[in-house]
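Colleague: Here you go, this is structure29.txt (compact mmCIF, C-alpha atoms).
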# COMPACT_ATOMS: atom_id res chain seq x y z
CA MET D 180 -1.85 26.25 -39.99
CA ALA D 181 1.48 26.03 -38.18
CA SER D 182 0.01 27.78 -35.14
CA ILE D 183 -2.87 25.29 -35.04
CA ASN D 184 -0.42 22.36 -35.06
CA PHE D 185 1.61 24.04 -32.31
CA PHE D 186 -1.43 24.44 -30.05
CA ASP D 187 -2.52 20.87 -30.80
CA ARG D 188 0.89 19.58 -29.76
CA LEU D 189 0.87 21.82 -26.71
CA GLY D 190 -2.55 20.47 -25.76
CA ASN D 191 -1.35 16.89 -26.19
CA LEU D 192 1.70 17.63 -24.05
CA TRP D 193 -0.45 19.15 -21.32
CA ARG D 194 -2.82 16.17 -21.38
CA GLY D 195 0.19 13.89 -21.13
CA PHE D 196 1.48 15.71 -18.04
CA VAL D 197 -1.96 15.58 -16.44
CA SER D 198 -2.27 11.88 -17.23
CA LEU D 199 1.11 11.14 -15.65
CA TRP D 200 0.23 13.22 -12.60
CA ILE D 201 -3.08 11.41 -12.17
CA ALA D 202 -1.35 8.04 -12.59
CA ASP D 203 1.18 8.98 -9.90
CA VAL D 204 -1.57 10.10 -7.52
CA GLU D 205 -3.52 6.88 -8.13
CA LYS D 206 -0.44 4.77 -7.36
CA LYS D 207 -0.01 6.54 -4.04
CA HIS D 208 -3.74 6.43 -3.34
CA PRO D 209 -5.13 3.23 -4.93
CA GLU D 210 -8.52 3.80 -3.32
CA ILE D 211 -8.94 6.82 -5.63
CA ALA D 212 -8.15 4.71 -8.71
CA TYR D 213 -10.67 2.06 -7.71
CA GLU D 214 -13.30 4.70 -6.92
CA ASN D 215 -12.78 6.35 -10.32
CA ALA D 216 -13.00 3.01 -12.14
CA ILE D 217 -16.16 2.02 -10.28
CA ASN D 218 -17.79 5.40 -10.89
CA SER D 219 -16.91 5.15 -14.60
CA LEU D 220 -18.57 1.72 -14.82
CA ILE D 221 -21.59 3.00 -12.93
CA GLY D 222 -21.90 5.84 -15.45
CA LYS D 223 -21.76 3.35 -18.33
CA TYR D 224 -24.28 1.13 -16.54
CA THR D 225 -26.70 4.07 -16.18
CA LYS D 226 -26.46 4.93 -19.88
CA LEU D 227 -26.78 1.30 -20.91
CA LYS D 228 -29.77 0.90 -18.61
CA SER D 229 -31.54 3.80 -20.34
CA ALA D 230 -30.74 2.34 -23.76
CA THR D 231 -31.94 -1.09 -22.65
CA ALA D 232 -35.17 0.41 -21.34
CA ALA D 233 -35.76 2.04 -24.74
CA ILE D 234 -35.14 -1.27 -26.54
CA ILE D 235 -37.52 -3.11 -24.21
CA ARG D 236 -40.14 -0.42 -24.68
CA ARG D 237 -39.83 -0.82 -28.47
CA ARG D 238 -40.17 -4.59 -28.11
CA ASP D 239 -43.32 -4.18 -26.03
CA GLU D 240 -44.76 -1.68 -28.51
CA ILE D 241 -44.14 -4.08 -31.41
CA ASP D 242 -45.68 -6.93 -29.43
CA HIS D 243 -48.72 -4.76 -28.78
CA ARG D 244 -49.00 -3.91 -32.49
CA VAL D 245 -48.70 -7.60 -33.37
CA GLU D 246 -51.50 -8.44 -30.99
CA THR D 247 -53.63 -5.61 -32.39
CA GLU D 248 -53.07 -6.77 -35.98
CA ARG D 249 -53.91 -10.35 -35.03
CA GLN D 250 -57.17 -9.21 -33.52
CA SER D 251 -57.82 -7.13 -36.62
CA LEU D 252 -57.06 -10.14 -38.85
CA ALA D 253 -59.44 -12.29 -36.86
CA ALA D 254 -62.20 -9.67 -37.20
CA VAL D 255 -61.64 -9.23 -40.96
CA THR D 256 -61.64 -13.00 -41.41
CA ARG D 257 -64.99 -13.29 -39.64
CA ASP D 258 -66.44 -10.43 -41.70
CA LEU D 259 -65.13 -12.03 -44.92
CA GLU D 260 -66.74 -15.35 -44.08
CA ALA D 261 -70.01 -13.57 -43.36
CA ALA D 262 -69.85 -11.69 -46.67
CA LEU D 263 -69.17 -14.93 -48.53
CA ALA D 264 -72.00 -16.66 -46.75
CA THR D 265 -74.43 -13.92 -47.78
CA ASN D 266 -73.09 -13.72 -51.35
CA GLN D 267 -72.00 -10.10 -50.92
CA ASP D 268 -69.15 -10.31 -53.39
CA ASP D 269 -68.40 -6.58 -53.51
CA LEU D 270 -68.04 -6.47 -49.73
CA ALA D 271 -66.08 -9.70 -49.82
CA LEU D 272 -63.57 -8.16 -52.27
CA VAL D 273 -62.96 -5.21 -49.97
CA LEU D 274 -62.61 -7.44 -46.94
CA LEU D 275 -60.25 -9.75 -48.82
CA GLN D 276 -57.98 -6.83 -49.73
CA LYS D 277 -58.02 -5.64 -46.13
CA LYS D 278 -57.20 -9.15 -44.97
CA ASN D 279 -54.24 -9.32 -47.35
CA ALA D 280 -52.97 -5.95 -46.08
CA VAL D 281 -53.32 -7.00 -42.45
CA GLU D 282 -51.52 -10.29 -43.11
CA ALA D 283 -48.66 -8.44 -44.86
CA GLU D 284 -48.41 -5.98 -41.95
CA LEU D 285 -48.52 -8.82 -39.49
CA SER D 286 -45.77 -10.67 -41.34
CA GLY D 287 -43.49 -7.61 -41.22
CA LEU D 288 -44.29 -7.01 -37.56
CA ALA D 289 -43.48 -10.62 -36.73
CA ALA D 290 -39.97 -10.17 -38.12
CA GLU D 291 -39.57 -6.90 -36.19
CA ALA D 292 -40.90 -8.51 -33.04
CA GLU D 293 -38.38 -11.35 -33.30
CA GLN D 294 -35.50 -8.92 -33.83
CA SER D 295 -36.67 -6.68 -30.99
CA LYS D 296 -36.65 -9.68 -28.64
CA VAL D 297 -33.08 -10.52 -29.68
CA ASP D 298 -32.03 -6.90 -29.20
CA ALA D 299 -33.70 -6.75 -25.78
CA ASP D 300 -32.04 -9.99 -24.65
CA ASP D 301 -28.62 -8.77 -25.84
CA ALA D 302 -29.09 -5.43 -24.09
CA LYS D 303 -30.12 -7.13 -20.83
CA SER D 304 -27.13 -9.48 -21.04
CA ALA D 305 -24.78 -6.53 -21.55
CA LEU D 306 -26.43 -4.68 -18.67
CA LEU D 307 -26.02 -7.66 -16.35
CA ALA D 308 -22.40 -8.07 -17.47
CA VAL D 309 -21.58 -4.46 -16.59
CA LYS D 310 -23.36 -4.83 -13.25
CA GLY D 311 -21.33 -7.97 -12.58
CA GLU D 312 -18.11 -6.10 -13.41
CA ILE D 313 -19.09 -3.35 -10.96
CA GLU D 314 -19.69 -5.86 -8.16
CA LYS D 315 -16.49 -7.70 -9.07
CA LEU D 316 -14.50 -4.47 -8.98
CA LYS D 317 -16.00 -3.51 -5.61
CA GLY D 318 -14.95 -6.85 -4.19
CA GLU D 319 -11.48 -6.49 -5.70
CA ARG D 320 -11.19 -3.02 -4.16
CA VAL D 321 -11.87 -4.39 -0.68
CA ARG D 322 -9.38 -7.24 -1.11
CA MET D 323 -6.60 -5.20 -2.73
CA LEU D 324 -6.85 -2.30 -0.27
CA ALA D 325 -6.72 -4.80 2.60
CA LYS D 326 -3.60 -6.35 1.06
CA MET D 327 -2.12 -2.87 0.62
CA GLN D 328 -2.71 -1.99 4.26
CA SER D 329 -1.23 -5.31 5.34
CA ALA D 330 1.85 -4.73 3.18
CA GLN D 331 2.29 -1.20 4.57
CA ALA D 332 2.07 -2.55 8.11
CA ARG D 333 4.67 -5.20 7.30
CA ILE D 334 6.98 -2.58 5.81
CA GLN D 335 6.61 -0.43 8.92
CA ILE D 336 7.37 -3.37 11.19
CA GLN D 337 10.36 -4.31 9.05
CA SER D 338 11.63 -0.74 9.25
CA GLN D 339 11.42 -0.87 13.02
CA LEU D 340 13.26 -4.18 13.06
CA ASP D 341 15.94 -2.69 10.84
CA GLY D 342 16.40 0.11 13.39
CA LEU D 343 15.04 2.87 11.17
CA SER D 344 12.34 4.01 13.55
CA VAL D 345 14.19 3.31 16.86
CA GLU D 346 17.54 4.81 15.85
CA ALA D 347 17.13 7.86 18.08
CA ASP D 348 16.27 5.72 21.12
CA VAL D 349 19.25 3.46 20.50
CA GLN D 350 21.57 6.45 20.13
CA ALA D 351 20.31 7.91 23.42
CA LEU D 352 20.91 4.56 25.15
CA ASP D 353 24.41 4.37 23.67
CA LYS D 354 25.19 7.74 25.23
CA VAL D 355 24.02 6.47 28.62
CA ARG D 356 26.17 3.38 28.24
CA ASP D 357 29.21 5.49 27.32
CA HIS D 358 28.61 7.72 30.35
CA ILE D 359 28.42 4.72 32.68
CA LYS D 360 31.61 3.27 31.22
CA ASN D 361 33.41 6.63 31.56
CA THR D 362 32.31 6.93 35.20
CA ILE D 363 33.66 3.45 35.95
CA SER D 364 36.91 4.30 34.17
CA GLU D 365 37.28 7.49 36.21
CA ALA D 366 36.79 5.53 39.45
CA ASN D 367 39.37 2.95 38.37
CA LEU D 368 41.76 5.72 37.35
CA GLY D 369 41.53 7.35 40.80
CA LYS D 370 42.39 4.07 42.47
CA GLU D 371 45.29 3.47 40.10
CA LEU D 372 46.69 6.95 40.73
CA ARG D 373 46.32 6.51 44.49
CA ASP D 374 48.09 3.15 44.40
CA SER D 375 50.96 4.60 42.38
CA ASP D 376 51.47 7.65 44.71
CA LEU D 377 54.83 7.60 46.64
CA ASP D 378 53.27 8.48 50.00
CA VAL D 379 50.76 5.75 49.62
CA ARG D 380 53.46 3.29 48.68
CA LEU D 381 55.55 4.39 51.70
CA ASP D 382 52.59 3.92 54.04
CA LYS D 383 52.10 0.46 52.66
CA LEU D 384 55.80 -0.26 53.15
CA ARG D 385 55.66 0.94 56.76
CA GLN D 386 52.61 -1.22 57.38
CA GLN D 387 54.44 -4.18 55.92
CA SER D 388 57.59 -3.35 58.00
CA GLY D 389 55.52 -3.05 61.18
CA SER D 390 54.00 -6.43 60.48
CA ILE D 391 57.49 -7.94 59.95
CA THR D 392 58.85 -6.40 63.19
CA ALA D 393 55.86 -7.58 65.18
CA ARG D 394 56.24 -11.05 63.76
CA ALA D 395 59.97 -11.09 64.73
CA GLN D 396 59.14 -9.94 68.27
CA LEU D 397 56.49 -12.61 68.58
CA ASP D 398 58.94 -15.27 67.45
CA GLU D 399 61.52 -14.03 69.99
CA LEU D 400 59.01 -14.12 72.83
CA LYS D 401 58.04 -17.64 71.90
CA ARG D 402 61.72 -18.67 71.81
CA GLN D 403 62.38 -17.15 75.25
CA ARG D 404 59.37 -18.84 76.79
CA ALA D 405 60.45 -22.09 75.31
CA ALA D 406 63.93 -21.69 76.73
CA GLN D 407 62.60 -20.86 80.23
CA ALA D 408 60.36 -23.85 80.12
CA ALA D 409 63.27 -26.12 79.20
CA ALA D 410 65.45 -24.72 82.03
CA GLY D 411 62.69 -25.30 84.56
CA LYS D 412 62.47 -28.93 83.63
CA GLN D 413 66.22 -29.48 84.09
CA MET D 414 66.08 -28.16 87.66
For this file, produce the structure as structure tokens.

Modeller:
Amino acid sequence: MASINFFDRLGNLWRGFVSLWIADVEKKHPEIAYENAINSLIGKYTKLKSATAAIIRRRDEIDHRVETERQSLAAVTRDLEAALATNQDDLALVLLQKKNAVEAELSGLAAEAEQSKVDADDAKSALLAVKGEIEKLKGERVRMLAKMQSAQARIQIQSQLDGLSVEADVQALDKVRDHIKNTISEANLGKELRDSDLDVRLDKLRQQSGSITARAQLDELKRQRAAQAAAGKQM
């Protein structure tokens, strides 16, 4: 007995794991969940359709029996009237009993016929309801899967905007930017080192000194020419 309970619990545990696994798969793939639900409803619709067909067939059979009994009652009634008209009492008694039996059968069939019509109408209503649920679920599947795809696209775009999908490209561009900045810094450093070199500074000083000497010579020449010009005027 204990072993039976153990295996029952083990079976329940296994079914629980399978159910959770299926639920997880269906969340990741909602189209599978919708397909399973629709197929399940279609299976129920097929079974209900067969049951409805059987109920309708029974209704038609009862209606046929009712019609047959009505025709039989009409024939017995005519025969009874003929027997009474010809004073055939013995035949009239038999026909009267048959008429009573047919009327009783017809009364019972009428009740069955009424119930069979109700059952058939209920079965058809249920069948149409299941069919409507199938069509409704198919439409919902189209709408929900479209919304799912739209949401996934929005998430992907948002990820790109957040830099998740372009991170590698941005990092590569940052390296290029750093390289350009380093190259510019190296060029500036060479110029700074050259400007701070003693020989360079001395050359600059000599150039400045030469410019000063030349300027002094030019000023002297101008002064001499001005003095000569003034002496010439006095003579």

Colleague: So what do you get for CA of Ala299 in chain D versus CA of Thr231 in chain D, distance-wise?

Modeller: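 CA of Thr231 in chain D lies 6.7 Å from CA of Ala299 in chain D.
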
Colleague: If we count all atoms listed in the file and set the cut-off at 10 Å, which residues sit around range 287-292 of chain D, ignoring sequence neighbours fewer than 2 positions away in its own chain? Please answer as a ChimeraX atom specification.

Modeller: /D:237-246,248,281-285,294-298

Colleague: Between CA of Gln339 in chain D and CA of Arg322 in chain D, what distance in Å does the model show, to one decimal?

Modeller: 25.9 Å

Colleague: Enter the distance from CA of Ala212 in chain D to CA of Ser338 in chain D, in Å, rounded to one decimal.

Modeller: 27.3 Å

Colleague: Hey, could you pull the box centre and edge lengths for range 307-324 of chain D, axis-aligned, 3 Å padding per side, all listed atoms, to one decimal in Å, as lines of an AutoDock Vina configuration file?

Modeller:
center_x = -16.3
center_y = -5.2
center_z = -8.9
size_x = 25.4
size_y = 11.8
size_z = 23.2

Colleague: Go through D:Thr247, D:Gln331, D:Leu275, D:Leu352 and flag the residue nearest Leu259 in chain D, using only C-alpha atoms for the distances.

Modeller: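 Of the candidates, the smallest distance to Leu259 in chain D is held by D:Leu275.
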